[in-house]
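Structure file start19.cif; described as mmCIF, C-alpha atoms and all ligand atoms.
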data_data
loop_
_atom_site.label_atom_id
_atom_site.label_comp_id
_atom_site.auth_asym_id
_atom_site.auth_seq_id
_atom_site.Cartn_x
_atom_site.Cartn_y
_atom_site.Cartn_z
CA MET A 1 24.07 -11.97 71.97
CA ALA A 2 20.88 -10.18 70.86
CA ARG A 3 19.88 -10.50 67.24
CA LEU A 4 16.83 -9.67 65.15
CA THR A 5 16.41 -11.02 61.64
CA VAL A 6 13.64 -10.18 59.20
CA GLU A 7 13.45 -12.23 56.01
CA GLY A 8 11.11 -11.31 53.16
CA ALA A 9 8.37 -10.24 55.57
CA TRP A 10 5.00 -8.89 54.45
CA VAL A 11 2.12 -7.58 56.51
CA GLU A 12 -1.24 -7.40 54.79
CA PHE A 13 -4.52 -6.37 56.38
CA ARG A 14 -7.87 -7.61 55.16
CA VAL A 15 -10.23 -4.65 54.84
CA SER A 16 -13.68 -4.13 53.39
CA LEU A 17 -13.52 -1.56 50.62
CA ALA A 18 -16.14 0.35 48.69
CA ARG A 19 -16.50 -1.06 45.18
CA GLY A 20 -16.21 1.01 42.04
CA ARG A 21 -12.98 2.73 42.99
CA ARG A 22 -9.71 2.32 41.17
CA ALA A 23 -6.85 0.85 43.17
CA GLY A 24 -3.76 2.93 43.48
CA LEU A 25 -1.36 4.75 45.69
CA SER A 26 -2.38 7.78 47.67
CA ARG A 27 0.18 10.14 49.12
CA THR A 28 -0.10 8.38 52.48
CA GLY A 29 -0.60 4.77 53.52
CA GLY A 30 0.19 1.32 52.22
CA GLN A 31 -0.94 -0.03 48.87
CA ILE A 32 -4.63 -0.87 48.60
CA ASP A 33 -5.63 -3.91 46.52
CA LEU A 34 -9.33 -3.59 45.75
CA GLU A 35 -9.63 -7.01 44.12
CA ARG A 36 -8.31 -8.87 47.15
CA GLY A 37 -9.66 -6.39 49.73
CA MET A 38 -6.18 -5.98 51.19
CA VAL A 39 -3.95 -3.19 52.38
CA THR A 40 -0.29 -4.07 52.10
CA ALA A 41 1.29 -2.26 55.05
CA LEU A 42 4.72 -3.90 54.63
CA ARG A 43 6.12 -5.49 51.52
CA ASP A 44 9.05 -7.86 51.31
CA ILE A 45 11.13 -6.47 54.17
CA SER A 46 14.52 -7.97 54.96
CA PHE A 47 17.24 -6.80 57.35
CA GLU A 48 19.31 -8.05 60.24
CA LEU A 49 20.20 -6.25 63.46
CA ARG A 50 22.97 -7.22 65.86
CA GLU A 51 24.28 -6.11 69.23
CA GLY A 52 24.81 -2.32 69.28
CA ASP A 53 22.62 -1.56 66.26
CA ARG A 54 20.32 1.44 66.57
CA LEU A 55 17.83 1.44 63.73
CA GLY A 56 15.62 4.41 62.87
CA LEU A 57 12.43 4.03 60.83
CA MET A 58 11.58 7.05 58.71
CA GLY A 59 8.76 7.68 56.24
CA HIS A 60 5.54 9.51 55.46
CA ASN A 61 2.26 8.97 57.31
CA GLY A 62 1.12 5.41 56.76
CA ALA A 63 4.51 4.35 55.34
CA GLY A 64 4.50 1.33 57.67
CA LYS A 65 6.69 2.41 60.62
CA SER A 66 4.30 1.42 63.42
CA THR A 67 3.35 -1.77 61.61
CA MET A 68 7.04 -2.63 61.40
CA LEU A 69 7.45 -2.15 65.16
CA ARG A 70 4.41 -4.32 65.79
CA LEU A 71 5.71 -6.95 63.39
CA LEU A 72 9.05 -7.04 65.23
CA ALA A 73 7.23 -7.20 68.57
CA GLY A 74 5.21 -10.21 67.39
CA VAL A 75 1.91 -8.30 67.67
CA TYR A 76 1.34 -8.93 63.94
CA PRO A 77 2.59 -12.20 62.48
CA PRO A 78 4.08 -11.75 59.01
CA THR A 79 1.60 -12.81 56.30
CA ARG A 80 4.64 -14.00 54.32
CA GLY A 81 8.30 -14.33 55.28
CA ARG A 82 9.63 -14.68 58.81
CA ILE A 83 11.09 -12.93 61.84
CA THR A 84 13.57 -14.52 64.20
CA SER A 85 15.02 -12.96 67.33
CA ILE A 86 17.42 -13.75 70.13
CA GLY A 87 16.97 -11.68 73.30
CA THR A 88 14.08 -10.24 75.30
CA ILE A 89 11.98 -7.76 73.37
CA SER A 90 10.17 -4.86 74.97
CA THR A 91 7.98 -2.27 73.35
CA LEU A 92 7.12 1.31 74.15
CA PHE A 93 4.07 2.05 72.04
CA ASN A 94 1.08 4.23 72.72
CA ALA A 95 -1.19 1.33 73.53
CA THR A 96 0.13 -1.24 75.95
CA PRO A 97 -0.43 -4.67 74.44
CA GLY A 98 -2.47 -6.89 76.73
CA LEU A 99 -3.89 -4.20 79.03
CA ASN A 100 -7.19 -5.50 80.42
CA ILE A 101 -9.52 -2.64 81.30
CA ASP A 102 -11.64 -4.80 83.62
CA GLY A 103 -8.65 -5.69 85.78
CA THR A 104 -7.17 -3.35 88.41
CA GLY A 105 -3.89 -1.59 87.81
CA ARG A 106 -2.16 -4.08 90.10
CA GLU A 107 -3.66 -7.10 88.29
CA ASN A 108 -2.52 -5.61 85.00
CA LEU A 109 0.98 -5.18 86.35
CA ILE A 110 1.04 -8.92 87.02
CA THR A 111 -0.44 -10.12 83.73
CA CYS A 112 1.55 -7.69 81.60
CA GLY A 113 4.70 -8.46 83.57
CA LEU A 114 4.20 -12.17 82.83
CA HIS A 115 3.51 -11.31 79.20
CA LEU A 116 6.84 -9.42 79.12
CA GLY A 117 8.63 -12.52 80.36
CA LEU A 118 9.04 -11.71 84.07
CA THR A 119 8.45 -14.44 86.64
CA ARG A 120 5.89 -13.93 89.44
CA ARG A 121 8.74 -13.57 91.90
CA GLN A 122 10.41 -10.86 89.76
CA ILE A 123 7.10 -9.04 89.42
CA ALA A 124 6.52 -9.14 93.18
CA ALA A 125 10.02 -7.76 93.75
CA LYS A 126 9.43 -4.88 91.33
CA MET A 127 5.80 -4.19 92.22
CA ASP A 128 6.35 -1.33 94.71
CA GLU A 129 8.88 0.35 92.49
CA ILE A 130 6.51 0.24 89.48
CA ILE A 131 3.57 1.54 91.53
CA ASP A 132 5.75 4.34 92.90
CA PHE A 133 6.86 5.27 89.42
CA ALA A 134 3.30 5.33 88.08
CA GLU A 135 2.19 7.57 90.98
CA LEU A 136 -1.34 6.21 90.80
CA GLY A 137 -1.86 5.99 94.56
CA ASP A 138 -5.00 4.09 95.57
CA TYR A 139 -6.11 3.93 91.95
CA ILE A 140 -3.71 1.02 91.49
CA ASP A 141 -6.36 -1.22 93.12
CA LEU A 142 -9.26 0.11 91.05
CA PRO A 143 -10.30 -1.17 87.61
CA VAL A 144 -8.44 0.36 84.70
CA ARG A 145 -11.74 1.17 82.96
CA ILE A 146 -12.25 4.13 85.32
CA TYR A 147 -8.76 5.57 84.66
CA SER A 148 -8.33 8.83 82.77
CA SER A 149 -6.31 8.53 79.57
CA GLY A 150 -3.30 10.09 81.33
CA MET A 151 -3.55 7.53 84.15
CA MET A 152 -3.75 4.74 81.59
CA THR A 153 -0.62 6.14 79.94
CA ARG A 154 1.19 6.22 83.29
CA LEU A 155 0.27 2.61 84.00
CA GLY A 156 1.18 1.41 80.49
CA PHE A 157 4.51 3.23 80.52
CA SER A 158 5.40 1.97 84.00
CA ILE A 159 4.64 -1.61 83.01
CA ALA A 160 6.51 -1.42 79.75
CA THR A 161 9.62 0.05 81.35
CA ALA A 162 9.68 -2.44 84.21
CA VAL A 163 11.81 -4.86 82.22
CA GLU A 164 15.19 -4.07 80.80
CA PRO A 165 14.99 -5.43 77.31
CA GLU A 166 17.84 -6.51 75.11
CA ILE A 167 15.80 -5.41 72.10
CA LEU A 168 13.86 -2.18 72.60
CA LEU A 169 11.14 -1.12 70.14
CA LEU A 170 10.08 2.46 70.49
CA ASP A 171 7.42 4.63 68.88
CA GLU A 172 8.68 8.15 69.27
CA GLY A 173 5.21 9.67 69.05
CA LEU A 174 4.62 8.05 72.41
CA ALA A 175 2.20 9.91 74.68
CA THR A 176 3.72 10.16 78.12
CA GLY A 177 1.03 12.04 80.03
CA ASP A 178 1.35 15.40 81.77
CA ALA A 179 4.49 17.52 81.76
CA GLN A 180 5.79 16.33 85.11
CA PHE A 181 5.39 12.64 84.24
CA ALA A 182 6.69 13.24 80.71
CA GLN A 183 10.02 14.46 82.10
CA LYS A 184 10.35 11.45 84.33
CA ALA A 185 9.32 9.16 81.48
CA GLU A 186 11.90 10.68 79.16
CA ARG A 187 14.67 10.07 81.68
CA LYS A 188 13.53 6.47 82.12
CA MET A 189 13.28 5.99 78.36
CA ASN A 190 16.83 7.30 77.85
CA GLU A 191 18.14 4.87 80.48
CA LEU A 192 16.44 1.99 78.71
CA ILE A 193 17.75 3.10 75.34
CA THR A 194 21.30 3.32 76.65
CA ARG A 195 21.12 -0.13 78.24
CA SER A 196 19.38 -1.94 75.36
CA SER A 197 21.53 -3.98 72.98
CA ILE A 198 19.36 -3.32 69.94
CA LEU A 199 17.08 -0.32 69.45
CA VAL A 200 14.45 0.18 66.76
CA ILE A 201 12.77 3.58 66.85
CA ALA A 202 10.09 5.02 64.56
CA SER A 203 10.01 8.78 64.32
CA HIS A 204 9.03 11.74 62.18
CA SER A 205 11.97 13.65 63.60
CA GLU A 206 14.95 13.17 61.32
CA ALA A 207 17.02 15.27 63.75
CA LEU A 208 16.26 12.78 66.51
CA LEU A 209 17.04 9.77 64.30
CA ALA A 210 20.32 11.32 63.14
CA SER A 211 21.38 11.88 66.75
CA MET A 212 20.25 8.53 68.11
CA CYS A 213 20.62 5.93 65.37
CA THR A 214 23.44 4.22 63.56
CA ARG A 215 21.30 3.01 60.68
CA CYS A 216 18.00 4.08 59.12
CA LEU A 217 15.39 2.57 56.85
CA LEU A 218 13.32 4.95 54.75
CA LEU A 219 9.90 3.44 54.12
CA GLU A 220 7.53 4.45 51.36
CA HIS A 221 4.14 2.78 50.96
CA GLY A 222 5.35 -0.25 52.92
CA ARG A 223 8.63 -0.73 51.02
CA VAL A 224 12.15 0.00 52.14
CA ILE A 225 13.39 2.52 49.60
CA SER A 226 16.70 3.37 51.33
CA ASP A 227 18.79 1.61 53.93
CA GLY A 228 22.03 3.08 55.21
CA PRO A 229 23.94 5.01 57.86
CA ALA A 230 21.55 7.33 59.71
CA GLU A 231 23.44 10.52 58.94
CA THR A 232 23.71 9.79 55.21
CA LEU A 233 20.07 8.82 54.95
CA VAL A 234 18.84 11.80 56.93
CA ALA A 235 21.01 14.16 54.84
CA SER A 236 19.67 12.76 51.57
CA TYR A 237 16.11 12.80 52.90
CA ARG A 238 16.50 16.46 53.89
CA ALA A 239 17.89 17.21 50.44
CA SER A 240 14.86 15.49 48.86
CA VAL A 241 12.48 17.56 51.02
CA ILE A 242 14.23 20.78 49.94
CA GLU A 243 14.12 19.64 46.32
CA ALA A 244 10.40 18.82 46.51
CA ALA A 245 9.62 22.17 48.14
CA ARG A 246 11.41 24.01 45.31
CA THR A 247 8.43 23.33 43.09
CA ASP A 248 6.34 25.33 45.60
CA ASP A 249 4.07 22.34 46.03
CA LEU A 250 2.04 23.08 49.18
CA ASN A 251 2.76 19.72 50.75
CA GLY A 252 6.45 20.09 50.02
CA LEU A 253 6.54 23.47 51.77
CA LYS A 254 4.61 22.07 54.71
CA ARG A 255 7.07 19.20 55.06
CA ALA A 256 9.95 21.69 54.88
CA TYR A 257 8.28 23.71 57.63
CA GLU A 258 7.87 20.64 59.86
CA MET A 259 11.46 19.60 59.28
CA ALA A 260 12.88 23.08 59.93
CA THR A 261 10.86 23.55 63.14
CA ASP A 262 11.81 20.08 64.36
CA MET A 263 15.51 20.83 63.79
CA ALA A 264 15.20 24.17 65.58
CA ARG A 265 13.35 22.54 68.48
CA ARG A 266 16.22 20.09 68.87
CA GLY A 267 18.80 22.85 68.86
CA GLU A 268 19.98 22.33 65.26
CA ARG A 269 20.17 25.17 62.77
CA PRO A 270 18.23 24.25 59.61
CA PRO A 271 19.93 24.94 56.26
CA LEU A 272 18.95 28.40 55.02
CA GLU A 273 16.99 27.12 52.04
CA LEU A 274 14.97 24.76 54.24
CA GLU A 275 14.30 27.58 56.70
CA GLU A 276 13.22 29.83 53.84
CA GLN A 277 10.81 27.19 52.54
CA GLY A 278 9.46 26.59 56.04
CA LEU A 279 8.90 30.32 56.51
CA ARG A 280 7.06 30.50 53.18
CA HIS A 281 4.64 27.89 54.53
CA ALA A 282 4.37 29.54 57.95
CA LEU A 283 3.60 32.91 56.35
CA THR A 284 0.60 31.41 54.53
CA ILE A 285 -0.78 30.53 57.97
CA ALA A 286 0.25 33.72 59.78
CA PRO A 287 0.52 36.36 57.02
CA ASP A 288 0.62 39.27 59.49
CA ASP A 289 3.50 38.02 61.62
CA ALA A 290 6.05 40.82 61.47
CA GLY A 291 8.86 38.82 63.11
CA MET A 292 8.43 36.01 60.60
CA TRP A 293 8.53 38.43 57.62
CA GLN A 294 11.71 39.98 58.99
CA ARG A 295 13.32 36.57 59.41
CA TYR A 296 12.18 35.58 55.89
CA VAL A 297 13.77 38.69 54.41
CA SER A 298 16.99 38.14 56.33
CA VAL A 299 17.12 34.46 55.28
CA LEU A 300 16.74 35.54 51.63
CA THR A 301 19.47 38.14 52.07
CA MET A 302 21.82 35.66 53.80
CA GLN A 303 21.45 33.39 50.79
CA GLY A 304 22.44 36.29 48.51
CA ARG A 305 18.93 36.32 47.05
CA SER A 306 17.19 39.53 46.07
CA VAL A 307 14.13 40.56 48.04
CA ALA A 308 11.19 41.20 45.71
CA PRO A 309 9.43 44.55 46.27
CA GLN A 310 6.14 42.88 47.20
CA ILE A 311 7.91 40.87 49.92
CA GLU A 312 9.48 43.97 51.39
CA VAL A 313 6.08 45.69 51.25
CA ARG A 314 4.44 42.79 53.09
CA MET A 315 7.14 42.92 55.74
CA ILE A 316 6.77 46.69 56.20
CA LEU A 317 2.98 46.42 56.39
CA ALA A 318 3.25 43.74 59.07
CA ILE A 319 5.67 45.87 61.12
CA LEU A 320 3.55 49.01 60.69
CA ALA A 321 0.49 47.12 61.88
CA ASN A 322 2.24 46.74 65.25
CA ASP A 323 4.08 50.04 65.23
CA PRO A 324 2.42 52.62 62.95
CA SER A 325 4.69 55.40 64.19
CA ARG A 326 7.71 54.10 62.20
CA LEU A 327 8.18 57.06 59.92
CA ASP A 328 11.24 55.49 58.27
CA LEU A 329 9.12 52.53 57.15
CA ARG A 330 6.22 54.66 56.00
CA ASN A 331 8.64 56.60 53.79
CA ARG A 332 10.26 53.41 52.55
CA LEU A 333 6.83 52.00 51.70
CA ASP A 334 5.97 55.10 49.66
CA ALA A 335 9.28 54.84 47.86
CA ILE A 336 8.85 51.17 46.95
CA LEU A 337 5.29 51.67 45.78
CA ALA A 338 6.36 54.56 43.58
CA ALA A 339 9.40 52.77 42.16
CA SER A 340 7.90 49.32 41.57
CA ALA A 341 4.51 50.18 40.20
CA ASP A 342 4.38 47.17 37.84
CA ASP A 343 5.79 44.58 40.24
CA ILE A 344 3.25 44.93 42.99
CA GLY A 345 -0.18 43.38 42.68
CA GLU A 346 -3.37 45.28 43.30
CA ASP A 347 -4.14 43.27 46.46
CA ILE A 348 -0.91 44.39 48.13
CA ARG A 349 -1.40 47.97 46.91
CA ALA A 350 -4.85 47.95 48.52
CA LEU A 351 -3.30 46.82 51.82
CA ALA A 352 -0.70 49.57 51.53
CA ARG A 353 -3.36 52.23 50.81
CA GLU A 354 -5.31 51.05 53.84
CA ALA A 355 -2.17 51.24 56.02
CA ALA A 356 -1.41 54.73 54.66
CA ARG A 357 -4.97 55.83 55.45
CA GLN A 358 -4.69 54.53 59.00
CA THR A 359 -1.34 56.17 59.64
CA ALA A 360 -2.17 59.47 57.86
CA SER A 361 -3.44 61.05 61.04
CA LEU A 362 -0.31 60.13 62.97
CA PRO A 363 2.25 62.87 63.58
CA ASN A 364 5.32 62.72 61.35
N1 LIG A 401 -5.10 -2.83 61.76
C1 LIG A 401 -5.04 -2.35 60.53
N2 LIG A 401 -5.98 -2.67 59.60
C2 LIG A 401 -5.91 -2.20 58.35
N3 LIG A 401 -4.93 -1.40 57.89
C3 LIG A 401 -3.97 -1.05 58.75
C4 LIG A 401 -3.98 -1.50 60.12
N4 LIG A 401 -2.87 -0.98 60.73
C5 LIG A 401 -2.22 -0.24 59.80
N5 LIG A 401 -2.88 -0.30 58.62
C6 LIG A 401 -2.47 0.35 57.35
O1 LIG A 401 -1.11 0.04 57.15
C7 LIG A 401 -0.44 1.17 56.57
C8 LIG A 401 0.76 1.50 57.44
O2 LIG A 401 0.31 2.05 58.68
P1 LIG A 401 1.30 2.42 59.86
O3 LIG A 401 0.48 2.78 61.05
O4 LIG A 401 2.29 1.33 60.03
O5 LIG A 401 2.05 3.70 59.28
P2 LIG A 401 3.07 4.71 59.97
O6 LIG A 401 4.24 4.83 59.06
O7 LIG A 401 3.33 4.30 61.37
O8 LIG A 401 2.22 6.05 59.92
P3 LIG A 401 2.22 7.33 60.89
O9 LIG A 401 3.49 8.06 60.65
O10 LIG A 401 1.04 8.09 60.34
O11 LIG A 401 2.01 6.86 62.29
C9 LIG A 401 -1.48 2.27 56.44
O12 LIG A 401 -1.97 2.25 55.12
C10 LIG A 401 -2.55 1.88 57.42
O13 LIG A 401 -3.81 2.33 56.95
#
What would you get if you wrote out this structure as structure tokens?
Amino acid sequence: MARLTVEGAWVEFRVSLARGRRAGLSRTGGQIDLERGMVTALRDISFELREGDRLGLMGHNGAGKSTMLRLLAGVYPPTRGRITSIGTISTLFNATPGLNIDGTGRENLITCGLHLGLTRRQIAAKMDEIIDFAELGDYIDLPVRIYSSGMMTRLGFSIATAVEPEILLLDEGLATGDAQFAQKAERKMNELITRSSILVIASHSEALLASMCTRCLLLEHGRVISDGPAETLVASYRASVIEAARTDDLNGLKRAYEMATDMARRGERPPLELEEQGLRHALTIAPDDAGMWQRYVSVLTMQGRSVAPQIEVRMILAILANDPSRLDLRNRLDAILAASADDIGEDIRALAREAARQTASLPN
């Protein structure tokens, strides 16, 4: 029966800090204590996982997700509190713990295999299969220091997935090499996930966590600020992102954009307001994208919102830039500019004049 228990665990890192700064919280990262020269990456964490639990770790950059995985893996001992586990633990992180760059790929397979709890006999039995999977050919007998980063990733991934863990710790931002290997790696990862008794996965994709996890922890500056069923937590996190973006704060809109694109990538339809916020951010980056302006206008309309004249003008200008022959739009532009003289800023009027000048010579 696999089990993982975390009781009042802290992880603090000693760091050397420039003097003369005030301690405090930045938007990202753990809490910095200037007096003690410490960064608190995790603060007083407690939870218990049992057979069948699938835990997702959510949170901003530097919230403590990777540190938590490393704490659970035993890479970092807790500076206070304790971790106890029953069952073999395996990790899929970007860096393979224990990889020795002076050893050959084959030697690393042996030492890392032992490190993962396999016996020499088990390693020997799996050796060919792992080498086949890694597709490193003769490089397997050359020192790892001459490997490309993609080859290193192949080796690390093949070692890490050679054991079938009861407790699987996964960093979703995992690099899995080139496209062909990435596909194979994803299949392998899904097999491991299905067969593991306990899964802990850190991810920035709430859509992924909602689909894969039963429970989530939301971390903020090293603390657990919410703990609950994945779907509930993801829904309330999405609501908080939408709420934050309502203030038009640039970071809020950016987060909304990331969330909306992630949902779309995973085949989910983002809520209209989230999509609208995401488009607002995207249009600051690509202000001439006609397709995006059209989608923005239709998302506003679908929400029953009015479309401000300057937004319609921007959309028409972007379409005309690609297709200046659209007489209907040129007429519509003239009409809006005439009717909404006070609502449209001089900058947009200048763009419209320029577009009119460029299209003046075109036949009607
Ligand atoms: N080895 C280290 N030494 C000092 N500080 C560290 C170390 N590892 C992590 N930290 C700090 O701990 C905090 C948590 O980092 P962590 O990598 O766990 O965050 P994360 O949630 O995984 O972030 P991201 O989403 O950006 O990957 C950060 O403030 C980071 O600077």
Wanna dump the chain A-ligand LIG 401 (chain A) contacts at 6 Å for me, each residue with its shortest atom pair and the distance in Å to one decimal, counting all atoms listed in the file, ordered by chain and number, as a Markdown table?
| residue | atom | partner | partner_atom | distance |
| --- | --- | --- | --- | --- |
| A:Phe13 | CA | A:LIG401 | C2 | 4.8 |
| A:Gly29 | CA | A:LIG401 | O12 | 3.3 |
| A:Gly30 | CA | A:LIG401 | O12 | 3.7 |
| A:Val39 | CA | A:LIG401 | N3 | 5.9 |
| A:Ala41 | CA | A:LIG401 | O1 | 3.9 |
| A:His60 | CA | A:LIG401 | O9 | 5.8 |
| A:Asn61 | CA | A:LIG401 | O10 | 3.4 |
| A:Gly62 | CA | A:LIG401 | O5 | 3.2 |
| A:Ala63 | CA | A:LIG401 | O6 | 3.8 |
| A:Gly64 | CA | A:LIG401 | O4 | 3.2 |
| A:Lys65 | CA | A:LIG401 | O6 | 3.8 |
| A:Ser66 | CA | A:LIG401 | O7 | 3.7 |
| A:Thr67 | CA | A:LIG401 | O4 | 3.6 |
Write to file, as an mmCIF file, keeping the file's coordinate frame, the residues of the selection just made, with C-alpha atoms.
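Output below, filename out.cif:
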data_model
loop_
_atom_site.group_PDB
_atom_site.id
_atom_site.type_symbol
_atom_site.label_atom_id
_atom_site.label_comp_id
_atom_site.auth_asym_id
_atom_site.auth_seq_id
_atom_site.Cartn_x
_atom_site.Cartn_y
_atom_site.Cartn_z
ATOM 1 C CA PHE A 13 -4.520 -6.370 56.380
ATOM 2 C CA GLY A 29 -0.600 4.770 53.520
ATOM 3 C CA GLY A 30 0.190 1.320 52.220
ATOM 4 C CA VAL A 39 -3.950 -3.190 52.380
ATOM 5 C CA ALA A 41 1.290 -2.260 55.050
ATOM 6 C CA HIS A 60 5.540 9.510 55.460
ATOM 7 C CA ASN A 61 2.260 8.970 57.310
ATOM 8 C CA GLY A 62 1.120 5.410 56.760
ATOM 9 C CA ALA A 63 4.510 4.350 55.340
ATOM 10 C CA GLY A 64 4.500 1.330 57.670
ATOM 11 C CA LYS A 65 6.690 2.410 60.620
ATOM 12 C CA SER A 66 4.300 1.420 63.420
ATOM 13 C CA THR A 67 3.350 -1.770 61.610
#
> How far is it from CA of Val163 (chain A) to CA of Ile193 (chain A), in Å with one decimal?
Replying inline: 12.1 Å
>> When you count all atoms listed in the file, which of these residues is closest to Pro270 (chain A): A:Arg295, A:Arg353, A:Arg223, A:Arg238?
In response: A:Arg238
> Out of A:Val307, A:Leu116, A:Val299, A:Leu155, which residue has the shortest atom-to-atom distance to Phe133 (chain A) when counting only C-alpha atoms?
Replying inline: A:Leu155
> Glu191 (chain A): which residues within 12 Å, counting only C-alpha atoms, same-chain residues fewer than 2 positions away excluded, as a VMD selection string?
Replying inline: chain A and resid 161 to 165 168 184 to 189 193 to 196
>> With distances taken over only C-alpha atoms, which residue among A:Ile83, A:Leu118, A:Cys112, A:Ala124 lies nearest Asn100 (chain A)?
In response: A:Cys112
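Interatomic distance, CA of Arg106 (chain A) against CA of Asp128 (chain A): 10.1 Å.
Nearest-residue note for Leu49 (chain A): choosing from A:Glu166, A:Asp141, A:Glu12, A:Glu129, the minimum distance belongs to A:Glu166, counting all atoms listed in the file.
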> Which polymer residues have any atom within 8 Å of an atom of region 208-212 of chain A, counting all atoms listed in the file, with same-chain residues fewer than 5 positions away left out, as a PyMOL selection string?
Replying inline: chain A and resi 54+56+201+203+230-231+234+266
> So what do you get for CA of Ser197 (chain A) versus CA of Gly52 (chain A), distance-wise?
Replying inline: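 Separation of CA of Ser197 (chain A) and CA of Gly52 (chain A): 5.2 Å.
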>> Which residue is closest to Gly150 (chain A)? Choose from A:Ile123, A:Ala179, A:Ile285, A:Cys216 and count only C-alpha atoms.
In response: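 Comparing A:Ile123, A:Ala179, A:Ile285, A:Cys216 against Gly150 (chain A), the winner is A:Ala179.
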>> I want to know what sits within 10 Å of Thr84 (chain A), based on only C-alpha atoms, with residues of the same chain fewer than 6 positions away left out; could you give that as a list in words?
In response: Arg3, Leu4, Thr5, Val6, Glu7, Glu48, Leu72 and Gly74 of chain A
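When only C-alpha atoms are used to measure the gap to His281 (chain A), the shortest distance among A:Gly252, A:Gly222, A:Pro77, A:Gly304 belongs to A:Gly252.
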